[in-house]
Amino acid sequence: MGGIFFDHLDEKRGMTKEQLFQFVQDVGNSFAPTYSHIVLKNKDLAFGEKELEWQAVRRGRYVEFNLLWDKGTKFGLDTDGRTESILMSMPPMAKWHYNLKPESGSREAETLGWLRKGIEW
């Protein structure tokens, strides 16, 4: 699962406290049904070494983001916080491949097509 960053939601950008609170409530109320739907839809899909490898590579990208850009992680590391506690959110296994290009038409290539900036949802 990813996360939601609220960095650009504030009163300075024209949202009232009531609107912000309503947004948080809407997100909270939609999370469980949406997550349950995704789990139930995909729980019986087969997976093997290829999918586990891809998962580890994607987790590696999460680690990169967390160490380079996550404000909480950077703050903790920059202020001599307890490293073990700061890094507890990291996945237990991650991998990196230089210039990885999934096979054209694969599920992995489709995933990367969605994981880019400028997507029109």
# chains A, B, ... in the order shown; residues from 1 in each chain; ligands from 1
>>> residues_around(residues="Thr73 (chain A)", least_positions_apart="3", cutoff="12 Å", atoms="only C-alpha atoms", output="PyMOL selection string")
chain A and resi 63-70+76-90
>>> select_by_dssp(residues="region 40-115 of chain A", states="alpha helix (DSSP H)", output="count of residues only")
43
>>> residues_around(residues="region 27-39 of chain A", least_positions_apart="5", cutoff="12 Å", atoms="only C-alpha atoms", output="PDB file with N, CA and C atoms, in the first residue's frame")
ATOM      1  N   MET A   1       0.841  -1.177   0.000  1.00  0.00           N
ATOM      2  CA  MET A   1       0.000   0.000   0.000  1.00  0.00           C
ATOM      3  C   MET A   1       0.884   1.237   0.000  1.00  0.00           C
ATOM      4  N   GLY A   2       0.386   2.224  -0.644  1.00  0.00           N
ATOM      5  CA  GLY A   2       1.075   3.501  -0.634  1.00  0.00           C
ATOM      6  C   GLY A   2       0.511   4.385   0.459  1.00  0.00           C
ATOM      7  N   GLY A   3       0.714   5.642   0.330  1.00  0.00           N
ATOM      8  CA  GLY A   3       0.225   6.572   1.328  1.00  0.00           C
ATOM      9  C   GLY A   3      -0.334   7.808   0.674  1.00  0.00           C
ATOM     10  N   ILE A   4      -0.936   8.628   1.484  1.00  0.00           N
ATOM     11  CA  ILE A   4      -1.473   9.898   1.007  1.00  0.00           C
ATOM     12  C   ILE A   4      -0.694  11.006   1.696  1.00  0.00           C
ATOM     13  N   PHE A   5      -0.201  11.919   0.912  1.00  0.00           N
ATOM     14  CA  PHE A   5       0.517  13.060   1.463  1.00  0.00           C
ATOM     15  C   PHE A   5      -0.408  14.270   1.417  1.00  0.00           C
ATOM     16  N   PHE A   6      -0.498  14.963   2.512  1.00  0.00           N
ATOM     17  CA  PHE A   6      -1.379  16.104   2.649  1.00  0.00           C
ATOM     18  C   PHE A   6      -0.629  17.427   2.522  1.00  0.00           C
ATOM     19  N   LEU A  20     -11.098  20.360   4.854  1.00  0.00           N
ATOM     20  CA  LEU A  20      -9.987  19.449   5.127  1.00  0.00           C
ATOM     21  C   LEU A  20     -10.457  18.261   5.965  1.00  0.00           C
ATOM     22  N   PHE A  21     -11.240  18.525   6.995  1.00  0.00           N
ATOM     23  CA  PHE A  21     -11.743  17.461   7.851  1.00  0.00           C
ATOM     24  C   PHE A  21     -12.672  16.539   7.069  1.00  0.00           C
ATOM     25  N   GLN A  22     -13.501  17.098   6.216  1.00  0.00           N
ATOM     26  CA  GLN A  22     -14.400  16.283   5.394  1.00  0.00           C
ATOM     27  C   GLN A  22     -13.598  15.390   4.452  1.00  0.00           C
ATOM     28  N   ASP A  44      -7.008 -14.952  -5.023  1.00  0.00           N
ATOM     29  CA  ASP A  44      -6.771 -16.286  -5.567  1.00  0.00           C
ATOM     30  C   ASP A  44      -5.836 -16.300  -6.777  1.00  0.00           C
ATOM     31  N   LEU A  45      -5.261 -15.158  -7.109  1.00  0.00           N
ATOM     32  CA  LEU A  45      -4.328 -15.121  -8.237  1.00  0.00           C
ATOM     33  C   LEU A  45      -3.064 -15.908  -7.891  1.00  0.00           C
TER      34      LEU A  45
END
>>> atom_distance(atom1="CA of Val57 (chain A)", atom2="CA of His97 (chain A)")
7.2 Å
>>> closest_residue(among="A:Lys117, A:Lys74, A:Lys50, A:Arg61", to="Pro102 (chain A)", atoms="only C-alpha atoms")
A:Lys50
